[in-house]
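Next up, my_file.cif (mmCIF, C-alpha atoms):
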data_data
loop_
_atom_site.group_PDB
_atom_site.id
_atom_site.type_symbol
_atom_site.label_atom_id
_atom_site.label_comp_id
_atom_site.auth_asym_id
_atom_site.auth_seq_id
_atom_site.Cartn_x
_atom_site.Cartn_y
_atom_site.Cartn_z
ATOM 1 C CA MET A 1 23.688 78.051 79.706
ATOM 2 C CA LYS A 2 23.692 79.831 83.073
ATOM 3 C CA ILE A 3 26.007 78.451 85.744
ATOM 4 C CA ALA A 4 26.312 79.333 89.431
ATOM 5 C CA VAL A 5 29.896 79.367 90.736
ATOM 6 C CA VAL A 6 30.384 78.974 94.485
ATOM 7 C CA LEU A 7 33.553 80.420 96.023
ATOM 8 C CA ALA A 8 35.056 79.775 99.456
ATOM 9 C CA GLY A 9 36.834 83.101 99.913
ATOM 10 C CA CYS A 10 39.941 84.424 98.170
ATOM 11 C CA GLY A 11 43.326 82.708 98.316
ATOM 12 C CA VAL A 12 44.466 79.102 98.133
ATOM 13 C CA MET A 13 45.455 78.699 101.779
ATOM 14 C CA ASP A 14 42.288 79.999 103.409
ATOM 15 C CA GLY A 15 39.734 80.585 100.636
ATOM 16 C CA ALA A 16 39.023 79.867 96.985
ATOM 17 C CA GLU A 17 41.958 78.974 94.735
ATOM 18 C CA ILE A 18 42.125 82.084 92.555
ATOM 19 C CA HIS A 19 43.486 80.439 89.392
ATOM 20 C CA GLU A 20 40.785 77.773 89.518
ATOM 21 C CA ALA A 21 38.068 80.331 90.168
ATOM 22 C CA VAL A 22 39.106 82.671 87.359
ATOM 23 C CA MET A 23 39.712 79.875 84.856
ATOM 24 C CA THR A 24 36.267 78.464 85.649
ATOM 25 C CA LEU A 25 34.625 81.804 84.923
ATOM 26 C CA TYR A 26 36.670 82.129 81.734
ATOM 27 C CA ALA A 27 35.783 78.588 80.617
ATOM 28 C CA ILE A 28 32.078 79.278 81.121
ATOM 29 C CA GLU A 29 32.226 82.366 78.898
ATOM 30 C CA LYS A 30 34.514 80.632 76.393
ATOM 31 C CA ASN A 31 31.957 77.850 76.012
ATOM 32 C CA GLY A 32 29.085 80.250 75.385
ATOM 33 C CA GLY A 33 27.619 80.360 78.882
ATOM 34 C CA SER A 34 27.026 82.976 81.542
ATOM 35 C CA TYR A 35 27.585 82.845 85.278
ATOM 36 C CA GLU A 36 26.682 84.276 88.646
ATOM 37 C CA VAL A 37 29.018 84.032 91.620
ATOM 38 C CA PHE A 38 27.937 83.055 95.130
ATOM 39 C CA ALA A 39 29.614 82.546 98.493
ATOM 40 C CA PRO A 40 28.360 81.815 101.994
ATOM 41 C CA ASN A 41 28.095 84.883 104.220
ATOM 42 C CA VAL A 42 30.138 83.412 107.079
ATOM 43 C CA ALA A 43 33.406 84.088 108.871
ATOM 44 C CA GLN A 44 36.535 82.425 107.516
ATOM 45 C CA HIS A 45 37.965 79.753 109.756
ATOM 46 C CA HIS A 46 41.208 81.732 109.886
ATOM 47 C CA VAL A 47 43.352 84.055 107.782
ATOM 48 C CA ILE A 48 46.669 82.908 106.325
ATOM 49 C CA ASN A 49 49.533 85.165 105.292
ATOM 50 C CA HIS A 50 50.133 83.780 101.801
ATOM 51 C CA LEU A 51 53.701 85.111 101.811
ATOM 52 C CA THR A 52 54.799 83.285 104.978
ATOM 53 C CA GLY A 53 52.121 80.605 105.406
ATOM 54 C CA GLU A 54 51.497 81.776 108.971
ATOM 55 C CA VAL A 55 48.112 82.378 110.598
ATOM 56 C CA MET A 56 47.317 86.081 110.995
ATOM 57 C CA ASN A 57 45.587 87.584 114.024
ATOM 58 C CA GLU A 58 42.557 88.933 112.169
ATOM 59 C CA SER A 59 39.157 87.822 110.915
ATOM 60 C CA ARG A 60 37.587 88.019 107.465
ATOM 61 C CA ASN A 61 34.258 87.180 105.858
ATOM 62 C CA VAL A 62 34.020 84.537 103.107
ATOM 63 C CA LEU A 63 31.503 86.513 101.029
ATOM 64 C CA THR A 64 33.489 89.734 101.326
ATOM 65 C CA GLU A 65 36.735 88.029 100.369
ATOM 66 C CA ALA A 66 35.166 86.151 97.443
ATOM 67 C CA SER A 67 33.842 89.464 96.141
ATOM 68 C CA ARG A 68 37.458 90.355 95.282
ATOM 69 C CA ILE A 69 37.482 87.633 92.623
ATOM 70 C CA ALA A 70 33.957 88.443 91.458
ATOM 71 C CA ARG A 71 34.770 92.171 91.202
ATOM 72 C CA GLY A 72 31.878 92.866 93.554
ATOM 73 C CA LYS A 73 29.296 91.026 91.450
ATOM 74 C CA ILE A 74 28.401 88.328 93.937
ATOM 75 C CA ARG A 75 25.473 87.172 96.042
ATOM 76 C CA ALA A 76 25.160 85.393 99.353
ATOM 77 C CA LEU A 77 24.646 81.661 98.880
ATOM 78 C CA THR A 78 21.328 81.894 100.748
ATOM 79 C CA GLU A 79 19.991 83.547 97.575
ATOM 80 C CA TYR A 80 20.912 80.602 95.335
ATOM 81 C CA ARG A 81 17.974 78.785 93.753
ATOM 82 C CA ALA A 82 18.662 75.682 91.680
ATOM 83 C CA ASP A 83 15.695 76.411 89.407
ATOM 84 C CA ASP A 84 17.395 79.621 88.221
ATOM 85 C CA PHE A 85 20.515 77.856 86.899
ATOM 86 C CA ASP A 86 21.495 75.033 84.572
ATOM 87 C CA ALA A 87 24.382 73.886 86.791
ATOM 88 C CA VAL A 88 26.616 74.787 89.722
ATOM 89 C CA ILE A 89 30.418 74.572 89.905
ATOM 90 C CA PHE A 90 32.683 74.568 92.980
ATOM 91 C CA PRO A 91 36.323 75.622 92.351
ATOM 92 C CA GLY A 92 38.817 74.364 94.930
ATOM 93 C CA GLY A 93 41.187 75.912 97.449
ATOM 94 C CA PHE A 94 41.657 75.129 101.147
ATOM 95 C CA GLY A 95 38.667 77.369 101.880
ATOM 96 C CA VAL A 96 36.452 74.571 100.577
ATOM 97 C CA ALA A 97 37.826 72.300 103.305
ATOM 98 C CA LYS A 98 37.909 75.034 105.978
ATOM 99 C CA ASN A 99 34.969 77.357 105.286
ATOM 100 C CA LEU A 100 32.445 75.317 103.278
ATOM 101 C CA CYS A 101 33.089 72.226 105.383
ATOM 102 C CA THR A 102 35.578 71.138 108.064
ATOM 103 C CA TYR A 103 37.374 68.390 106.135
ATOM 104 C CA ALA A 104 40.785 70.074 106.635
ATOM 105 C CA PHE A 105 40.427 69.546 110.400
ATOM 106 C CA ASP A 106 38.054 66.619 110.842
ATOM 107 C CA GLY A 107 38.651 64.432 107.775
ATOM 108 C CA PRO A 108 35.727 62.171 106.805
ATOM 109 C CA GLU A 109 33.961 63.091 110.087
ATOM 110 C CA CYS A 110 33.661 66.692 108.920
ATOM 111 C CA HIS A 111 30.472 68.702 108.893
ATOM 112 C CA VAL A 112 29.234 70.888 106.028
ATOM 113 C CA ASP A 113 27.880 74.417 106.284
ATOM 114 C CA ARG A 114 24.087 74.036 106.148
ATOM 115 C CA VAL A 115 23.639 76.624 103.365
ATOM 116 C CA VAL A 116 26.327 74.933 101.275
ATOM 117 C CA GLU A 117 24.736 71.536 101.872
ATOM 118 C CA GLU A 118 21.314 72.771 100.799
ATOM 119 C CA ALA A 119 22.758 74.318 97.626
ATOM 120 C CA ILE A 120 24.286 70.946 96.702
ATOM 121 C CA ARG A 121 21.226 68.903 97.642
ATOM 122 C CA SER A 122 18.747 71.194 95.898
ATOM 123 C CA THR A 123 20.821 71.126 92.707
ATOM 124 C CA HIS A 124 21.007 67.338 92.850
ATOM 125 C CA ARG A 125 17.262 67.022 93.525
ATOM 126 C CA ALA A 126 16.559 69.217 90.520
ATOM 127 C CA GLY A 127 18.659 66.930 88.293
ATOM 128 C CA LYS A 128 21.080 69.752 87.493
ATOM 129 C CA PRO A 129 24.806 69.041 86.935
ATOM 130 C CA ILE A 130 27.421 69.788 89.588
ATOM 131 C CA GLY A 131 31.044 70.553 88.722
ATOM 132 C CA ALA A 132 33.841 70.150 91.269
ATOM 133 C CA LEU A 133 37.519 71.092 90.998
ATOM 134 C CA CYS A 134 40.500 70.147 93.146
ATOM 135 C CA ILE A 135 39.393 69.317 96.741
ATOM 136 C CA SER A 136 35.716 70.141 96.091
ATOM 137 C CA PRO A 137 34.806 66.533 95.129
ATOM 138 C CA VAL A 138 35.297 65.635 98.811
ATOM 139 C CA LEU A 139 32.649 68.200 99.728
ATOM 140 C CA ILE A 140 30.242 66.828 97.135
ATOM 141 C CA THR A 141 30.834 63.260 98.306
ATOM 142 C CA LYS A 142 30.307 64.207 101.954
ATOM 143 C CA VAL A 143 26.878 65.612 101.075
ATOM 144 C CA LEU A 144 25.680 63.110 98.460
ATOM 145 C CA GLY A 145 27.544 59.926 99.415
ATOM 146 C CA ASP A 146 27.339 57.402 96.575
ATOM 147 C CA VAL A 147 28.954 59.387 93.748
ATOM 148 C CA THR A 148 31.945 58.940 91.453
ATOM 149 C CA VAL A 149 34.576 61.698 91.463
ATOM 150 C CA THR A 150 38.297 62.366 91.113
ATOM 151 C CA ILE A 151 40.863 64.310 93.086
ATOM 152 C CA GLY A 152 43.646 63.082 90.812
ATOM 153 C CA SER A 153 45.970 60.539 92.410
ATOM 154 C CA ASP A 154 46.298 61.561 96.076
ATOM 155 C CA ALA A 155 45.912 58.230 97.874
ATOM 156 C CA GLY A 156 44.899 59.611 101.265
ATOM 157 C CA THR A 157 42.137 61.847 99.961
ATOM 158 C CA ALA A 158 40.957 59.133 97.565
ATOM 159 C CA ALA A 159 40.658 56.760 100.525
ATOM 160 C CA ASP A 160 38.581 59.337 102.396
ATOM 161 C CA ILE A 161 36.230 59.622 99.430
ATOM 162 C CA VAL A 162 35.673 55.862 99.656
ATOM 163 C CA LYS A 163 35.059 56.170 103.422
ATOM 164 C CA LEU A 164 32.396 58.767 102.646
ATOM 165 C CA GLY A 165 30.594 56.276 100.410
ATOM 166 C CA GLY A 166 31.922 57.483 97.072
ATOM 167 C CA GLU A 167 33.991 55.938 94.303
ATOM 168 C CA HIS A 168 37.272 57.505 93.260
ATOM 169 C CA GLU A 169 38.700 57.534 89.728
ATOM 170 C CA MET A 170 42.354 58.381 89.138
ATOM 171 C CA LYS A 171 42.610 61.123 86.527
ATOM 172 C CA GLU A 172 45.263 63.368 85.029
ATOM 173 C CA HIS A 173 44.877 66.920 83.786
ATOM 174 C CA GLY A 174 42.216 67.368 81.132
ATOM 175 C CA ASP A 175 40.707 63.950 81.822
ATOM 176 C CA VAL A 176 37.497 64.736 83.648
ATOM 177 C CA SER A 177 35.607 62.205 85.793
ATOM 178 C CA VAL A 178 31.933 62.092 84.823
ATOM 179 C CA ASP A 179 29.242 60.484 86.984
ATOM 180 C CA ARG A 180 26.325 60.417 84.558
ATOM 181 C CA GLU A 181 23.806 59.015 87.012
ATOM 182 C CA ASN A 182 24.377 61.808 89.524
ATOM 183 C CA ARG A 183 25.400 64.396 86.906
ATOM 184 C CA ILE A 184 28.724 65.257 88.524
ATOM 185 C CA ALA A 185 31.884 66.284 86.680
ATOM 186 C CA SER A 186 35.212 66.657 88.490
ATOM 187 C CA ALA A 187 38.882 67.276 87.724
ATOM 188 C CA PRO A 188 42.041 67.265 89.894
ATOM 189 C CA CYS A 189 43.524 70.744 89.278
ATOM 190 C CA TYR A 190 46.037 71.545 92.058
ATOM 191 C CA MET A 191 45.524 68.215 93.838
ATOM 192 C CA ILE A 192 48.321 67.049 91.518
ATOM 193 C CA PRO A 193 51.348 69.007 90.205
ATOM 194 C CA SER A 194 49.976 71.698 87.911
ATOM 195 C CA SER A 195 50.792 74.618 85.676
ATOM 196 C CA LEU A 196 48.362 77.448 85.030
ATOM 197 C CA ALA A 197 47.723 75.904 81.609
ATOM 198 C CA ASP A 198 46.764 72.643 83.345
ATOM 199 C CA ILE A 199 44.247 74.497 85.504
ATOM 200 C CA ALA A 200 42.754 76.165 82.450
ATOM 201 C CA ARG A 201 42.456 72.797 80.730
ATOM 202 C CA ASP A 202 40.786 71.175 83.746
ATOM 203 C CA ALA A 203 38.326 74.029 84.197
ATOM 204 C CA ASP A 204 37.418 73.900 80.519
ATOM 205 C CA ALA A 205 36.976 70.108 80.670
ATOM 206 C CA VAL A 206 34.620 70.377 83.643
ATOM 207 C CA VAL A 207 32.572 73.164 82.070
ATOM 208 C CA ARG A 208 32.230 71.210 78.831
ATOM 209 C CA ALA A 209 31.250 68.067 80.747
ATOM 210 C CA VAL A 210 28.681 69.985 82.783
ATOM 211 C CA LYS A 211 27.324 71.476 79.584
ATOM 212 C CA GLU A 212 27.029 68.020 78.039
ATOM 213 C CA LEU A 213 25.333 66.620 81.149
ATOM 214 C CA SER A 214 22.761 69.387 80.982
ATOM 215 C CA GLY A 215 21.961 68.560 77.364
ATOM 216 C CA GLU A 216 23.521 71.739 75.975
ATOM 217 C CA LEU A 217 26.109 69.912 73.794
#

Spit out the file's structure as structure tokens when you get a sec.
Amino acid sequence: MKIAVVLAGCGVMDGAEIHEAVMTLYAIEKNGGSYEVFAPNVAQHHVINHLTGEVMNESRNVLTEASRIARGKIRALTEYRADDFDAVIFPGGFGVAKNLCTYAFDGPECHVDRVVEEAIRSTHRAGKPIGALCISPVLITKVLGDVTVTIGSDAGTAADIVKLGGEHEMKEHGDVSVDRENRIASAPCYMIPSSLADIARDADAVVRAVKELSGEL
């Protein structure tokens, strides 16, 4: 099974959540699959000093930053083709809500990067599974609308998912939400209190669910 993994930069506050990204890649290999990493070639919304939490007066590129996690083996999301993969997975991190879409600033009225939106829509049209960790289910719901996902138990975000036309399921770690009709698998990760072991368990659960949805299990 070959899975595309889409990253939103590098670092929980302004990019991809690194633990979720790495554990997703590990889970794919652990479950007998392979992966390619993608990211949009766009400017980050802003750069956060992860030591202080303050905004830094500099600019960075999402693709360039995500390449840190991918060890340089990464492609621009414009090169993604759903026909070349069995599934796509979106790890979380605030970059999903800042760089892939504007949910962090605009809530349910957010807009989605057009390349990101096409990657999601083309995968869905092709009947391929989509995995979403942490805040990423909001992104998927914004694009596809009537889907079932989880972000754990955060009431405010769950309410926004409903506003976007989706259905929210409350889940704990390791208990993945599976929308069989739309072939979407999601897990809460850092949307609820988590240890690194919890993140590993959630990533593995999503990968296994995606694998099952694709007919590989």

inquiry  = the PyMOL selection byres ((chain A and resi 85) around 7) - which residues does that actually catch in the file I just gave you? List them as a ChimeraX atom specification.
reply    = /A:2-4,82-84,86-87

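Candidate residues A:Glu58, A:Val116, A:Tyr26, A:Arg81 were compared for distance to Ala39 (chain A), and the nearest is A:Val116, using all atoms listed in the file.
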
key: Selection under test: the PyMOL selection byres ((chain A and resi 133) around 9); residues as an MDAnalysis selection string   = chainID A and resid 20 89:93 131:132 134:137 150:151 185:191 202:203 206

Using C-alpha atoms, can you write the selected residues to a file as a short mmCIF file (atom, residue, chain, number, x, y, z; two decimals), in the coordinates of the input?
data_model
loop_
_atom_site.label_atom_id
_atom_site.label_comp_id
_atom_site.auth_asym_id
_atom_site.auth_seq_id
_atom_site.Cartn_x
_atom_site.Cartn_y
_atom_site.Cartn_z
CA GLU A 20 40.78 77.77 89.52
CA ILE A 89 30.42 74.57 89.90
CA PHE A 90 32.68 74.57 92.98
CA PRO A 91 36.32 75.62 92.35
CA GLY A 92 38.82 74.36 94.93
CA GLY A 93 41.19 75.91 97.45
CA GLY A 131 31.04 70.55 88.72
CA ALA A 132 33.84 70.15 91.27
CA CYS A 134 40.50 70.15 93.15
CA ILE A 135 39.39 69.32 96.74
CA SER A 136 35.72 70.14 96.09
CA PRO A 137 34.81 66.53 95.13
CA THR A 150 38.30 62.37 91.11
CA ILE A 151 40.86 64.31 93.09
CA ALA A 185 31.88 66.28 86.68
CA SER A 186 35.21 66.66 88.49
CA ALA A 187 38.88 67.28 87.72
CA PRO A 188 42.04 67.26 89.89
CA CYS A 189 43.52 70.74 89.28
CA TYR A 190 46.04 71.54 92.06
CA MET A 191 45.52 68.22 93.84
CA ASP A 202 40.79 71.18 83.75
CA ALA A 203 38.33 74.03 84.20
CA VAL A 206 34.62 70.38 83.64
#

task = Kindly provide, as an NGL selection string, the polymer residues lying within 12 Å of (33.8, 82.6, 82.5), counting all atoms listed in the file and using the coordinates exactly as they appear in the file.
result = :A and (1-5 or 20-37 or 69-70 or 89 or 200 or 203-204 or 207)

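As for CA of Ile192 (chain A) and CA of Ala155 (chain A), they are spaced 11.1 Å apart.
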
Selected residue, from A:Ala104, A:Ile184, A:Val138, A:Val47, that lies nearest to Thr123 (chain A) when counting all atoms listed in the file =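 Result for the nearest residue to Thr123 (chain A): A:Ile184.
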
message = Going by the chain IDs and residue numbers used in this file, which residues fall under the PyMOL selection byres ((chain A and resi 100) around 9)? Write them as a PyMOL selection string.
response = chain A and resi 7-8+40+95-99+101-103+111-117+139

inquiry  = I'd like the interatomic distance between CA of Glu181 (chain A) and CA of Lys163 (chain A), to a tenth of an Å.
reply    = 20.1 Å

request  = In Å, rounded to a single decimal, give me how far CA of Val62 (chain A) is from CA of His168 (chain A).
outcome  =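 CA of Val62 (chain A) lies 29.0 Å from CA of His168 (chain A).
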
query = For Leu77 (chain A), which residue among A:Thr52, A:Asn182, A:Asn41, A:Ser153 is the nearest when counting all atoms listed in the file?
reply = A:Asn41

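Of the residues under consideration (A:Met170, A:Val178, A:Ala197, A:Ala66), A:Ala66 shows the shortest atom-to-atom contact distance to Glu17 (chain A) when counting all atoms listed in the file.
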
ask   = For Leu144 (chain A), which residue among A:Gly174, A:Gly107, A:Gly215, A:Gly165 is the nearest when counting all atoms listed in the file?
value = A:Gly165

key: Long-range neighbours of Thr148 (chain A) as a PyMOL selection string, 7 Å cut-off, all atoms listed in the file, 2 positions minimum in chain   = chain A and resi 166-168+179

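In this comparison, which uses all atoms listed in the file, the residue of A:Gly145, A:Ile199, A:Phe38, A:Ala158 approaching Gly72 (chain A) most closely is A:Phe38.
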
query = Leaving out Met56 (chain A) and any residue of its chain fewer than 6 positions from it, which residues lie within 8 Å of it when counting all atoms listed in the file, given as a list in words?
reply =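 These residues fall inside the cut-off: His46, Val47, Ile48 and Asn49 of chain A.
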
message = So that I can check the surroundings of Ala205 (chain A), please list as a ChimeraX atom specification every protein, DNA and RNA residue that reaches within 7 Å of it, counting all atoms listed in the file and ignoring chain neighbours fewer than 4 positions away.
response = /A:174,176,201,209
